[in-house]
Structures are given as structure tokens and as C-alpha cells.
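Content type CSV, C-alpha atoms and all ligand atoms, from the file coords.csv:
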```csv
chain,number,residue,atom,x,y,z
M,1,MET,CA,11.1,5.1,17.2
M,2,SER,CA,14.8,4.9,17.4
M,3,ASP,CA,15.2,1.3,16.5
M,4,LEU,CA,13.9,1.4,12.9
M,5,ASP,CA,15.7,-0.7,10.3
M,6,PRO,CA,17.3,0.9,7.2
M,7,ILE,CA,14.2,0.1,5.0
M,8,GLN,CA,11.8,1.6,7.5
M,9,ARG,CA,14.0,4.7,7.9
M,10,SER,CA,14.1,5.1,4.1
M,11,SER,CA,10.2,5.1,4.0
M,12,GLN,CA,10.0,7.5,6.9
M,13,ARG,CA,12.4,10.0,5.2
M,14,GLN,CA,10.7,9.7,1.8
M,15,PHE,CA,7.2,10.3,3.2
M,16,ASP,CA,8.2,13.0,5.6
M,17,GLN,CA,9.6,14.8,2.5
M,18,GLN,CA,6.7,14.1,0.1
M,19,SER,CA,3.6,14.2,2.4
M,20,GLN,CA,2.1,17.3,0.6
M,21,ARG,CA,1.7,15.2,-2.6
M,22,TYR,CA,-0.6,12.6,-1.1
M,23,SER,CA,-3.6,14.7,0.0
M,24,GLN,CA,-6.6,15.7,-2.2
M,25,GLY,CA,-6.0,15.3,-5.9
M,26,HIS,CA,-3.8,12.2,-5.4
M,27,ILE,CA,-5.1,9.1,-7.2
M,28,LEU,CA,-5.5,7.5,-3.8
M,29,ALA,CA,-8.3,9.9,-2.9
M,30,ASP,CA,-10.6,7.7,-5.0
M,31,THR,CA,-11.5,5.0,-2.5
M,32,ALA,CA,-13.8,2.9,-4.7
M,33,ASP,CA,-11.3,0.0,-4.2
M,34,VAL,CA,-11.6,0.3,-0.4
M,35,ALA,CA,-15.4,0.5,-0.6
M,36,ALA,CA,-15.5,-2.7,-2.7
M,37,LEU,CA,-13.3,-4.7,-0.3
M,38,VAL,CA,-14.9,-3.4,2.9
M,39,LYS,CA,-18.3,-4.6,1.6
M,40,ARG,CA,-16.9,-8.1,1.9
M,41,VAL,CA,-16.0,-7.7,5.6
M,42,PRO,CA,-18.3,-9.9,7.7
M,43,PRO,CA,-20.2,-7.8,10.3
M,44,LEU,CA,-19.1,-8.0,13.9
M,45,ALA,CA,-20.5,-6.4,17.0
M,46,GLY,CA,-17.4,-4.2,17.3
M,47,ARG,CA,-16.4,-1.4,14.9
M,48,ARG,CA,-12.8,-0.7,15.9
M,49,ALA,CA,-10.5,-0.4,12.9
M,50,LEU,CA,-6.7,0.1,12.6
M,51,ASP,CA,-5.5,1.5,9.3
M,52,VAL,CA,-1.8,0.7,9.0
M,53,ALA,CA,0.5,2.9,6.9
M,54,ALA,CA,-2.5,5.3,6.7
M,55,GLY,CA,-0.6,8.0,4.7
M,56,ALA,CA,-2.8,11.1,4.1
M,57,GLY,CA,-5.7,9.1,5.5
M,58,HIS,CA,-7.9,8.3,2.5
M,59,THR,CA,-8.7,4.7,3.6
M,60,GLY,CA,-9.0,5.4,7.3
M,61,LEU,CA,-11.2,8.4,6.8
M,62,PHE,CA,-13.4,6.4,4.4
M,63,LEU,CA,-13.9,4.0,7.3
M,64,ALA,CA,-14.5,6.8,9.9
M,65,ALA,CA,-17.2,8.2,7.6
M,66,GLN,CA,-18.8,4.8,7.6
M,67,GLY,CA,-19.0,4.8,11.4
M,68,TRP,CA,-15.9,2.9,12.3
M,69,GLN,CA,-13.8,4.0,15.3
M,70,VAL,CA,-10.5,4.4,13.5
M,71,THR,CA,-6.9,4.5,14.6
M,72,LEU,CA,-4.6,5.8,11.8
M,73,ALA,CA,-1.0,4.6,12.1
M,74,ASP,CA,2.0,5.5,10.1
M,75,ILE,CA,5.8,5.6,10.3
M,76,SER,CA,5.9,9.2,9.1
M,77,SER,CA,4.8,12.0,11.3
M,78,ALA,CA,4.3,14.4,8.3
M,79,MET,CA,1.8,11.9,6.8
M,80,LEU,CA,-0.1,11.7,10.1
M,81,GLU,CA,-0.3,15.5,10.1
M,82,ARG,CA,-1.8,15.4,6.6
M,83,ALA,CA,-4.3,12.8,7.8
M,84,THR,CA,-5.2,14.9,10.8
M,85,GLU,CA,-5.8,18.0,8.7
M,86,ALA,CA,-8.0,15.9,6.3
M,87,ALA,CA,-10.0,14.5,9.3
M,88,SER,CA,-10.7,18.0,10.7
M,89,ALA,CA,-11.6,19.3,7.2
M,90,ARG,CA,-14.2,16.6,6.9
M,91,GLY,CA,-15.4,16.9,10.6
M,92,LEU,CA,-14.3,13.3,11.3
M,93,SER,CA,-12.8,12.2,14.6
M,94,VAL,CA,-9.9,9.6,14.6
M,95,PHE,CA,-6.9,8.6,16.7
M,96,THR,CA,-3.4,8.7,15.3
M,97,ARG,CA,-0.3,6.7,16.3
M,98,GLN,CA,3.2,6.8,14.9
M,99,HIS,CA,4.9,3.3,14.6
M,100,PRO,CA,6.1,0.8,12.0
M,101,ALA,CA,3.7,-1.7,10.5
M,102,GLU,CA,6.0,-4.6,11.5
M,103,SER,CA,5.5,-4.0,15.3
M,104,LEU,CA,2.0,-2.9,16.5
M,105,PRO,CA,1.9,-1.4,20.0
M,106,TYR,CA,-1.5,-2.7,20.9
M,107,PRO,CA,-2.7,-5.6,23.1
M,108,ASP,CA,-4.0,-8.8,21.5
M,109,GLY,CA,-7.5,-8.6,20.2
M,110,SER,CA,-7.7,-4.8,20.1
M,111,PHE,CA,-9.4,-4.4,16.7
M,112,ASP,CA,-12.2,-5.8,14.6
M,113,LEU,CA,-10.6,-4.7,11.3
M,114,VAL,CA,-7.1,-4.0,10.2
M,115,THR,CA,-6.7,-2.3,6.8
M,116,CYS,CA,-3.6,-1.5,4.8
M,117,ARG,CA,-3.7,0.1,1.3
M,118,VAL,CA,-0.9,0.7,-1.2
M,119,ALA,CA,1.8,0.6,1.4
M,120,ALA,CA,3.0,-3.0,2.1
M,121,HIS,CA,5.5,-2.8,-0.8
M,122,HIS,CA,7.5,-0.4,1.5
M,123,PHE,CA,7.6,-2.8,4.5
M,124,SER,CA,10.8,-4.4,5.5
M,125,ASP,CA,9.0,-7.5,6.7
M,126,VAL,CA,5.5,-8.2,5.4
M,127,GLY,CA,5.4,-11.5,7.3
M,128,ALA,CA,5.8,-9.6,10.6
M,129,PHE,CA,3.1,-7.1,9.5
M,130,VAL,CA,0.6,-10.0,8.8
M,131,ARG,CA,1.5,-11.8,12.1
M,132,GLU,CA,1.0,-8.6,14.1
M,133,SER,CA,-2.3,-7.9,12.4
M,134,ALA,CA,-3.5,-11.4,13.3
M,135,ARG,CA,-2.4,-10.8,16.9
M,136,VAL,CA,-4.3,-7.5,17.3
M,137,LEU,CA,-7.5,-8.8,15.7
M,138,VAL,CA,-10.3,-10.3,17.6
M,139,GLY,CA,-11.5,-13.8,16.6
M,140,GLY,CA,-13.7,-13.3,13.6
M,141,GLY,CA,-11.9,-10.0,12.7
M,142,SER,CA,-10.7,-9.2,9.2
M,143,LEU,CA,-7.4,-8.1,7.6
M,144,ALA,CA,-8.1,-6.1,4.4
M,145,VAL,CA,-5.0,-5.4,2.2
M,146,ILE,CA,-4.8,-3.6,-1.1
M,147,ASP,CA,-1.4,-3.3,-2.8
M,148,GLY,CA,0.4,-3.5,-6.0
M,149,THR,CA,1.6,-7.0,-6.9
M,150,VAL,CA,2.8,-9.1,-9.8
M,151,GLU,CA,1.0,-12.2,-10.5
M,152,ASP,CA,2.7,-15.5,-9.7
M,153,GLU,CA,5.1,-17.0,-12.3
M,154,GLN,CA,6.1,-13.7,-14.0
M,155,PRO,CA,9.8,-13.4,-12.9
M,156,GLU,CA,10.9,-11.2,-15.8
M,157,ALA,CA,8.0,-8.7,-15.5
M,158,ASP,CA,8.5,-8.8,-11.7
M,159,SER,CA,12.1,-7.9,-11.9
M,160,TRP,CA,11.4,-5.1,-14.5
M,161,ILE,CA,8.8,-3.3,-12.4
M,162,HIS,CA,11.0,-3.8,-9.3
M,163,SER,CA,13.9,-2.0,-11.0
M,164,ILE,CA,11.5,0.8,-12.2
M,165,GLU,CA,10.0,1.3,-8.8
M,166,LYS,CA,13.3,1.3,-7.0
M,167,LEU,CA,14.6,4.1,-9.2
M,168,ARG,CA,11.5,6.1,-9.1
M,169,ASP,CA,11.0,5.9,-5.3
M,170,PRO,CA,14.0,4.7,-3.2
M,171,SER,CA,11.7,3.7,-0.4
M,172,HIS,CA,10.0,1.1,-2.5
M,173,HIS,CA,11.1,-2.3,-1.1
M,174,ARG,CA,9.3,-5.2,-2.9
M,175,PHE,CA,5.9,-6.1,-4.3
M,176,VAL,CA,4.7,-9.3,-2.7
M,177,ASN,CA,3.1,-11.8,-5.1
M,178,PRO,CA,-0.3,-13.5,-4.4
M,179,ARG,CA,1.2,-16.8,-3.4
M,180,SER,CA,3.4,-15.2,-0.8
M,181,TRP,CA,0.5,-13.2,0.6
M,182,ARG,CA,-1.4,-16.5,1.0
M,183,GLU,CA,1.6,-18.1,2.7
M,184,HIS,CA,2.0,-15.2,5.1
M,185,CYS,CA,-1.7,-15.3,6.0
M,186,GLN,CA,-1.6,-19.1,6.5
M,187,ALA,CA,1.5,-18.9,8.7
M,188,ALA,CA,-0.3,-16.2,10.9
M,189,GLY,CA,-3.4,-18.4,11.3
M,190,LEU,CA,-5.6,-16.3,9.0
M,191,ARG,CA,-8.0,-17.8,6.5
M,192,VAL,CA,-7.9,-16.1,3.1
M,193,GLU,CA,-11.6,-15.4,2.1
M,194,TYR,CA,-10.9,-13.4,-1.1
M,195,LEU,CA,-8.0,-12.5,-3.2
M,196,ALA,CA,-8.3,-10.8,-6.6
M,197,LEU,CA,-6.1,-8.8,-9.0
M,198,GLN,CA,-7.5,-5.8,-10.8
M,199,PRO,CA,-5.8,-3.4,-13.3
M,200,PHE,CA,-5.2,0.1,-11.9
M,201,LEU,CA,-4.0,2.9,-14.1
M,202,GLN,CA,-0.7,4.7,-13.6
M,203,PRO,CA,-1.9,7.7,-15.5
M,204,ASP,CA,1.2,9.7,-16.3
M,205,LEU,CA,4.8,8.9,-15.6
M,206,ASN,CA,5.8,12.5,-15.1
M,207,TRP,CA,3.1,13.0,-12.4
M,208,TYR,CA,4.3,9.8,-10.8
M,209,PHE,CA,8.0,11.1,-10.8
M,210,GLU,CA,6.8,14.4,-9.2
M,211,THR,CA,4.9,12.5,-6.5
M,212,ALA,CA,8.0,10.6,-5.4
M,213,GLY,CA,10.4,13.4,-6.0
M,214,THR,CA,12.5,11.2,-8.4
M,215,SER,CA,16.0,12.6,-9.2
M,216,ALA,CA,16.7,13.7,-12.8
M,217,GLU,CA,19.3,10.9,-13.1
M,218,ASN,CA,16.8,8.3,-12.0
M,219,ARG,CA,14.1,9.6,-14.3
M,220,GLN,CA,16.5,9.0,-17.2
M,221,ALA,CA,17.3,5.5,-16.0
M,222,VAL,CA,13.6,4.7,-15.8
M,223,LEU,CA,13.0,6.0,-19.3
M,224,LYS,CA,15.8,3.7,-20.6
M,225,LEU,CA,14.2,0.7,-18.8
M,226,ILE,CA,10.9,1.6,-20.4
M,227,GLU,CA,12.4,1.7,-23.9
M,228,SER,CA,14.0,-1.7,-23.4
M,229,ALA,CA,11.1,-3.3,-21.5
M,230,PRO,CA,10.8,-7.0,-22.2
M,231,GLN,CA,7.6,-8.2,-24.0
M,232,SER,CA,6.4,-10.0,-20.8
M,233,ALA,CA,6.4,-6.6,-18.9
M,234,ARG,CA,4.8,-4.7,-21.8
M,235,ASP,CA,2.0,-7.3,-22.0
M,236,LEU,CA,1.4,-7.8,-18.3
M,237,PHE,CA,1.4,-4.0,-17.4
M,238,ARG,CA,-0.1,-2.9,-20.7
M,239,LEU,CA,2.6,-0.3,-21.1
M,240,GLN,CA,1.7,2.4,-23.6
M,241,THR,CA,1.9,6.1,-24.5
M,242,ILE,CA,-1.5,7.9,-24.4
M,243,ASP,CA,-1.6,11.6,-25.5
M,244,GLY,CA,2.1,11.8,-25.0
M,245,LYS,CA,2.0,10.3,-21.5
M,246,ILE,CA,3.7,7.1,-20.6
M,247,THR,CA,1.1,5.0,-18.7
M,248,TRP,CA,0.7,1.4,-17.5
M,249,GLN,CA,-1.7,-0.7,-15.6
M,250,TRP,CA,-0.7,-1.9,-12.2
M,251,GLN,CA,-1.8,-5.3,-11.0
M,252,ARG,CA,-3.5,-4.3,-7.8
M,253,MET,CA,-4.4,-7.0,-5.3
M,254,SER,CA,-7.3,-6.9,-2.9
M,255,LEU,CA,-7.1,-9.5,-0.1
M,256,LEU,CA,-9.5,-10.2,2.7
M,257,ALA,CA,-8.4,-12.7,5.4
M,258,ILE,CA,-10.3,-13.7,8.6
M,259,LYS,CA,-9.0,-14.6,12.0
M,260,PRO,CA,-10.9,-17.8,12.9
M,261,LEU,CA,-12.9,-17.7,16.2
M,262,ALA,CA,-11.0,-19.4,18.9
M,301,LIG,C1,1.1,5.5,-0.5
M,301,LIG,S1,1.1,5.9,1.2
M,301,LIG,C2,-0.4,5.0,1.9
M,301,LIG,C3,-1.7,5.4,1.3
M,301,LIG,C4,-2.9,5.2,2.2
M,301,LIG,N1,-2.9,3.9,2.9
M,301,LIG,C5,-4.2,5.5,1.5
M,301,LIG,O1,-5.0,4.7,1.4
M,301,LIG,O2,-4.3,6.7,1.0
M,301,LIG,C6,2.3,4.8,1.9
M,301,LIG,C7,2.4,5.0,3.4
M,301,LIG,O3,3.2,3.9,4.0
M,301,LIG,C8,3.9,4.4,5.1
M,301,LIG,N2,4.9,3.4,5.4
M,301,LIG,C9,5.9,3.0,4.7
M,301,LIG,N3,6.6,2.0,5.3
M,301,LIG,C10,6.0,1.9,6.5
M,301,LIG,C11,6.2,1.0,7.6
M,301,LIG,N4,7.2,0.1,7.6
M,301,LIG,N5,5.4,1.1,8.7
M,301,LIG,C12,4.4,2.0,8.7
M,301,LIG,N6,4.1,2.9,7.7
M,301,LIG,C13,4.9,2.8,6.6
M,301,LIG,C14,4.4,5.7,4.5
M,301,LIG,O4,4.9,6.6,5.5
M,301,LIG,C15,3.3,6.3,3.7
M,301,LIG,O5,2.5,7.2,4.5
```
Show me, as C-alpha cells, the structure contained in the file I just sent.
Amino acid sequence: MSDLDPIQRSSQRQFDQQSQRYSQGHILADTADVAALVKRVPPLAGRRALDVAAGAGHTGLFLAAQGWQVTLADISSAMLERATEAASARGLSVFTRQHPAESLPYPDGSFDLVTCRVAAHHFSDVGAFVRESARVLVGGGSLAVIDGTVEDEQPEADSWIHSIEKLRDPSHHRFVNPRSWREHCQAAGLRVEYLALQPFLQPDLNWYFETAGTSAENRQAVLKLIESAPQSARDLFRLQTIDGKITWQWQRMSLLAIKPLA
């Protein structure tokens, strides 16, 4: 993978360094959001799933436990090692591949389901990821995406959370708002069947700093931004301090899009 762009390289570096933080005990280990979205996937004869930006494997292993034949793909080799360890600890069999989300090394129509959870905000080109997902799906196949977002028409809150996330984790690129997700799907020939936003708790800013390995200087800068947060961001993200912990509620989007039958 020598031809990565600077945004992809930054993600690879970040997750190669921080992979140990994403295994059991991480908030992503709770896959209730995945279960709820996958219930909406229309049944097909095939059960081949590609989990893009699989991280430590929480989503892909949930699918494997449900009987899907799963390929876990990620840009970071260390994350794929964590996922492989988790698969063997659970007695699950999966394939792993290392590649970026924006360019999928599979023939057209290789999968019945493509999933991607809490990762697209790192991608350098979400449009390319959606196009590639559509290409590798069979007709009737599903793209299921879960990611942080900021609802449409909230530019001030959007810019605030973007500044926070950039400081906290330099590999954060951009949350994509629901309107843009719909546009990317439409441009790729996918029909959006379901799109909903749910609140999702960021439980403790210090835990969150540790997870990303945020520098001391950037932690201070984040705290300043929190002190001076505009009312729109306070309201939208329900920013508060609970038992001395700074918390907020992400806007988490679940999206299901279908590739029409030819
Ligand atoms: C928070 S983790 C993903 C969590 C995982 N999907 C789950 O459900 O537990 C984000 C992952 O995105 C991967 N990633 C970031 N940018 C990427 C890209 N452009 N292509 C592929 N993987 C990428 C990172 O290496 C990291 O493993």
C-alpha cells in the first residue's frame, strides 16, 4: 500500500499506534447498533459480507457469529491483528485484507453485504468508498453504514465538533452529514432504504483522550473549546458534566442502502 494519500497515511499511523485500545472494553464492543441495522438487511441467497475499516473486528465478528462469511478489511495491519486475535478467541473464522476503503481490491459483485461502522469520518474520499461498495455488491445487496454525523443545517455545531475531533485525534477527517450521504448513495446508484440519527454517549472525555493518545497540548485546546462552546453545539450534543466527567451525545447515523437488481 505505497500509494496512500496523506489522510489515509495519518489513519494508518494513528491506528497502528492505538490498536490495543480498541479491543474488549471499548465502547464499540457493544454491537446493539449493528444488530438493529442488520435486522433491516433484506435476505439474499448469498451470505458474503465485507466489513470495511473493521478495526478490532466488533462488527465483522458480530456478522460471523450470525453465520455470514466475513472479510475484515482495514488500512492498519495492527488493527487487523487485533481482529484476528478476537476471532480466534471466539472460535470464529474470517478472512482479513489490508487496503484502503476508497479502493476495494475485489471483482464486481463479490459481496451480498458491505458494512462500515464508526470509520467513514477518517476516509479521505467517502464518495469513492460508496462507489466502490456499490461496485462490489451484487444486485439486491446492501450497504450498511454507522457513523458519527451532524444533522443538516447545523454549520456552527458542525464546525465546533470538527475542531474538537481534529485536536483529539489527528486522523479524524470529516463527519459527513445525512444529505451528503444520500447524495453519495444516489450518485453510486444505491437506493437509501433507511437513514436515522440516534444519540450515542461519549461517556468520559479523559477516556476518550486516552483512546486516541491525544497530546497534553491538544487536551488543553479541547478543554478551551468546550468552555467556549456555542449554544448550538451545547444543545445539539447535550454537552454536560456528569460525576466530574465531561460527556456529550454524538449524533450517530445508521444508513441502509440497496443496490437495485439489474
Ligand atoms: C474506530 S475504528 C473502527 C471500528 C470498527 N468498525 C468496529 O465496528 O469496531 C476505525 C478504523 O478505521 C480504519 N480506517 C481509517 N481510515 C481508513 C481508510 N481510509 N481505509 C480503511 N480503513 C481505514 C482504522 O484503521 C480503524 O481501524
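Nearest-residue note for ligand LIG 301 (chain M): choosing from M:Val192, M:Cys116, M:Val38, M:Ala87, the minimum distance belongs to M:Cys116, counting only C-alpha atoms and all ligand atoms.
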Neighbourhood of ligand LIG 301 (chain M) at 6 Å, counting all atoms listed in the file, reported as a tab-separated table (two decimals) with C-alpha atoms, in the frame of the given file:
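The file below, part-v4.tsv, is the result:
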```tsv
chain	number	residue	atom	x	y	z
M	8	GLN	CA	11.80	1.60	7.50
M	11	SER	CA	10.20	5.10	4.00
M	12	GLN	CA	10.00	7.50	6.90
M	15	PHE	CA	7.20	10.30	3.20
M	28	LEU	CA	-5.50	7.50	-3.80
M	53	ALA	CA	0.50	2.90	6.90
M	54	ALA	CA	-2.50	5.30	6.70
M	55	GLY	CA	-0.60	8.00	4.70
M	56	ALA	CA	-2.80	11.10	4.10
M	57	GLY	CA	-5.70	9.10	5.50
M	58	HIS	CA	-7.90	8.30	2.50
M	59	THR	CA	-8.70	4.70	3.60
M	74	ASP	CA	2.00	5.50	10.10
M	75	ILE	CA	5.80	5.60	10.30
M	76	SER	CA	5.90	9.20	9.10
M	79	MET	CA	1.80	11.90	6.80
M	100	PRO	CA	6.10	0.80	12.00
M	101	ALA	CA	3.70	-1.70	10.50
M	116	CYS	CA	-3.60	-1.50	4.80
M	117	ARG	CA	-3.70	0.10	1.30
M	118	VAL	CA	-0.90	0.70	-1.20
M	119	ALA	CA	1.80	0.60	1.40
M	122	HIS	CA	7.50	-0.40	1.50
M	123	PHE	CA	7.60	-2.80	4.50
```
Problem set entry | 10 Å contact set for Asp33 in chain M, only C-alpha atoms, chain neighbours under 6 positions out, as number ranges by chain | M: 59, 117, 146, 198, 200, 252-254
For this session: Using CA of Arg191 in chain M and CA of Asp158 in chain M as the two end points, give the distance in Å to one decimal.
Result: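 Going from CA of Arg191 in chain M over to CA of Asp158 in chain M covers 26.2 Å.
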Problem set entry | Non-local contacts of Trp248 in chain M (7 Å; all atoms listed in the file; under 4 positions in same chain excluded) as a list in words | Leu201, Gln202, Phe237, Arg238, Leu239 and Gln240 of chain M
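Distance check against Ala49 in chain M using only C-alpha atoms: of M:Pro203, M:Gly244, M:Gly189, M:Gly67, the minimum falls on M:Gly67.
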Exercise. Around (-5.4, -4.8, -6.8) in the file's own coordinates, what residues are found within 12 Å if you use all atoms listed in the file, given back as a PyMOL selection string?
Worked result: chain M and resi 32-34+36-37+117-118+144-151+175-178+194-201+249-256
For this session: In Å, rounded to a single decimal, give me how far CA of Ala86 in chain M is from CA of Gln18 in chain M.
Result: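 Atom-to-atom, CA of Gln18 in chain M to CA of Ala86 in chain M, that is 16.1 Å.
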Got a minute to add all heavy atoms to range 25-36 of chain M and dump it as an mmCIF file, in the coordinates of the input?
```
data_model
loop_
_atom_site.group_PDB
_atom_site.id
_atom_site.type_symbol
_atom_site.label_atom_id
_atom_site.label_comp_id
_atom_site.auth_asym_id
_atom_site.auth_seq_id
_atom_site.Cartn_x
_atom_site.Cartn_y
_atom_site.Cartn_z
ATOM 1 N N GLY M 25 -6.529 15.226 -4.545
ATOM 2 C CA GLY M 25 -6.000 15.300 -5.900
ATOM 3 C C GLY M 25 -5.072 14.140 -6.213
ATOM 4 O O GLY M 25 -4.801 13.859 -7.376
ATOM 5 N N HIS M 26 -4.613 13.416 -5.195
ATOM 6 C CA HIS M 26 -3.800 12.200 -5.400
ATOM 7 C C HIS M 26 -4.763 11.101 -5.917
ATOM 8 O O HIS M 26 -5.934 11.067 -5.508
ATOM 9 C CB HIS M 26 -3.096 11.794 -4.158
ATOM 10 C CG HIS M 26 -2.032 10.764 -4.389
ATOM 11 N ND1 HIS M 26 -2.341 9.437 -4.562
ATOM 12 C CD2 HIS M 26 -0.692 10.866 -4.500
ATOM 13 C CE1 HIS M 26 -1.213 8.767 -4.770
ATOM 14 N NE2 HIS M 26 -0.197 9.614 -4.739
ATOM 15 N N ILE M 27 -4.248 10.205 -6.749
ATOM 16 C CA ILE M 27 -5.100 9.100 -7.200
ATOM 17 C C ILE M 27 -5.674 8.266 -6.097
ATOM 18 O O ILE M 27 -6.712 7.638 -6.241
ATOM 19 C CB ILE M 27 -4.450 8.241 -8.337
ATOM 20 C CG1 ILE M 27 -3.074 7.749 -7.912
ATOM 21 C CG2 ILE M 27 -4.342 8.991 -9.650
ATOM 22 C CD1 ILE M 27 -2.404 6.826 -8.945
ATOM 23 N N LEU M 28 -4.997 8.256 -4.960
ATOM 24 C CA LEU M 28 -5.500 7.500 -3.800
ATOM 25 C C LEU M 28 -6.711 8.055 -3.158
ATOM 26 O O LEU M 28 -7.347 7.406 -2.323
ATOM 27 C CB LEU M 28 -4.365 7.284 -2.790
ATOM 28 C CG LEU M 28 -3.173 6.437 -3.232
ATOM 29 C CD1 LEU M 28 -2.082 6.455 -2.173
ATOM 30 C CD2 LEU M 28 -3.601 5.002 -3.521
ATOM 31 N N ALA M 29 -7.052 9.300 -3.497
ATOM 32 C CA ALA M 29 -8.300 9.900 -2.900
ATOM 33 C C ALA M 29 -9.522 9.208 -3.389
ATOM 34 O O ALA M 29 -10.573 9.299 -2.747
ATOM 35 C CB ALA M 29 -8.312 11.406 -3.260
ATOM 36 N N ASP M 30 -9.446 8.491 -4.500
ATOM 37 C CA ASP M 30 -10.600 7.700 -5.000
ATOM 38 C C ASP M 30 -10.576 6.356 -4.225
ATOM 39 O O ASP M 30 -9.698 5.517 -4.462
ATOM 40 C CB ASP M 30 -10.469 7.473 -6.484
ATOM 41 C CG ASP M 30 -11.605 6.614 -7.032
ATOM 42 O OD1 ASP M 30 -12.382 6.045 -6.239
ATOM 43 O OD2 ASP M 30 -11.695 6.500 -8.271
ATOM 44 N N THR M 31 -11.534 6.181 -3.334
ATOM 45 C CA THR M 31 -11.500 5.000 -2.500
ATOM 46 C C THR M 31 -12.518 3.914 -2.914
ATOM 47 O O THR M 31 -12.960 3.094 -2.098
ATOM 48 C CB THR M 31 -11.826 5.399 -0.999
ATOM 49 O OG1 THR M 31 -12.985 6.227 -0.993
ATOM 50 C CG2 THR M 31 -10.674 6.144 -0.366
ATOM 51 N N ALA M 32 -12.832 3.900 -4.211
ATOM 52 C CA ALA M 32 -13.800 2.900 -4.700
ATOM 53 C C ALA M 32 -13.234 1.463 -4.417
ATOM 54 O O ALA M 32 -14.011 0.540 -4.109
ATOM 55 C CB ALA M 32 -13.990 3.053 -6.212
ATOM 56 N N ASP M 33 -11.918 1.280 -4.503
ATOM 57 C CA ASP M 33 -11.300 0.000 -4.200
ATOM 58 C C ASP M 33 -11.526 -0.434 -2.755
ATOM 59 O O ASP M 33 -11.809 -1.586 -2.430
ATOM 60 C CB ASP M 33 -9.827 -0.071 -4.608
ATOM 61 C CG ASP M 33 -9.014 1.045 -3.962
ATOM 62 O OD1 ASP M 33 -9.608 2.027 -3.449
ATOM 63 O OD2 ASP M 33 -7.767 0.950 -3.950
ATOM 64 N N VAL M 34 -11.417 0.551 -1.860
ATOM 65 C CA VAL M 34 -11.600 0.300 -0.400
ATOM 66 C C VAL M 34 -13.086 -0.078 -0.184
ATOM 67 O O VAL M 34 -13.396 -1.071 0.499
ATOM 68 C CB VAL M 34 -11.244 1.526 0.431
ATOM 69 C CG1 VAL M 34 -11.409 1.228 1.912
ATOM 70 C CG2 VAL M 34 -9.830 1.994 0.132
ATOM 71 N N ALA M 35 -13.983 0.707 -0.787
ATOM 72 C CA ALA M 35 -15.400 0.500 -0.600
ATOM 73 C C ALA M 35 -15.777 -0.970 -1.044
ATOM 74 O O ALA M 35 -16.502 -1.687 -0.345
ATOM 75 C CB ALA M 35 -16.233 1.480 -1.389
ATOM 76 N N ALA M 36 -15.216 -1.378 -2.182
ATOM 77 C CA ALA M 36 -15.500 -2.700 -2.700
ATOM 78 C C ALA M 36 -15.031 -3.805 -1.783
ATOM 79 O O ALA M 36 -15.710 -4.819 -1.571
ATOM 80 C CB ALA M 36 -14.935 -2.867 -4.107
#
```
